[in-house]
Amino acid sequence: NVKKSLLNPVYVTNTNKVSLMPVNAIKDSVENYQMFEGRFADSSFSSLLYLCADNTRIDVLMLNEFGLEMGWIGYDGITAELNSSVFPKNLKCEYIILDLQNVYADSVLLKNHYENAGLLFEEMFMNEKKYRYIKKKNTVIEEIMISKEQIVIKNFLRNYEYKLTIC
């Protein structure tokens, strides 16, 4: 069930597409366990994740409640891979990787990246939380809330949401 890709573009809107950013867009290394709760249209599931992201690659290992592997996602800057039966069949791994880049990548790089695709990237700080928005004109496509203990990604156009709670 491994889907390996030589990096498809991600359609942020139906007409605006972006490529994945290089792996070195993530300046500060992230290595932790997170509780994932996801909703994709009508289906939802949760899983424990082990996330390792740095300036060389992004790796996500999905574990069930017994600690057994349920799947993984990987990105090395050249290829992207998804091996999991829990995600919707039509979901390309580039979309998940781009969401992780939207959370962890440098905001200046993200701003330039989206501007090159005709989109807006905005970042605000409020009540010890960071909010990141991807917009087309005044329409919010994706909202990301980042706090010390939780990350919430809501994609209004594609109708999905996921919560990552740091363990």
# chains A, B, ... in the order shown; residues from 1 in each chain; ligands from 1
$ select_by_dssp --residues "chain A" --states "alpha helix (DSSP H)" --output "VMD selection string"
chain A and resid 93 to 104 107 to 115
$ residues_around --residues "Thr13 of chain A" --least-positions-apart "5" --cutoff "9 Å" --atoms "only C-alpha atoms" --output "list of chain:residue names"
A:Lys136, A:Ile141, A:Leu157, A:Arg158
$ residues_around --residues "Ala105 of chain A" --least-positions-apart "4" --cutoff "10 Å" --atoms "only C-alpha atoms" --output "PyMOL selection string"
chain A and resi 21-28+53-55+98-101+109-110
$ residues_around --residues "segment 88-90 of chain A" --least-positions-apart "4" --cutoff "12 Å" --atoms "only C-alpha atoms" --output "JSON, numbers by chain"
{"A": [1, 2, 3, 38, 39, 40, 41, 42, 43, 44, 45, 82, 83, 84, 94, 95, 96, 160]}
$ atom_distance --atom1 "atom CA of Glu161 of chain A" --atom2 "atom CA of Ser29 of chain A"
24.0 Å
$ residues_around --residues "segment 142-151 of chain A" --least-positions-apart "2" --cutoff "12 Å" --atoms "only C-alpha atoms" --output "MDAnalysis selection string"
chainID A and resid 12:13 32:38 98:104 119:136 138:140 153:167
$ residues_around --residues "Gly74 of chain A" --least-positions-apart "5" --cutoff "10 Å" --atoms "only C-alpha atoms" --output "JSON, numbers by chain"
{"A": [4, 52, 53, 57, 58, 59, 60, 61, 79, 80, 81, 82, 83, 93, 94, 97]}
$ closest_residue --among "A:Lys137, A:Lys92, A:Val152, A:Gly77" --to "Thr56 of chain A" --atoms "only C-alpha atoms"
A:Gly77
$ atom_distance --atom1 "atom CA of Leu51 of chain A" --atom2 "atom CA of Tyr75 of chain A"
11.9 Å
$ select_by_dssp --residues "chain A" --states "strand (DSSP E)" --output "VMD selection string"
chain A and resid 2 to 5 10 to 11 17 to 18 30 to 40 43 to 53 58 to 63 69 to 75 80 to 84 120 to 126 129 to 136 139 to 146 150 to 155 160 to 166
$ atom_distance --atom1 "atom CA of Glu65 of chain A" --atom2 "atom CA of Val30 of chain A"
22.4 Å
$ closest_residue --among "A:Ser19, A:Asn116, A:Asn8, A:Ser85" --to "Ile73 of chain A" --atoms "only C-alpha atoms"
A:Ser85
$ closest_residue --among "A:Asp76, A:Glu31, A:Glu115, A:Glu69" --to "Leu7 of chain A" --atoms "only C-alpha atoms"
A:Asp76
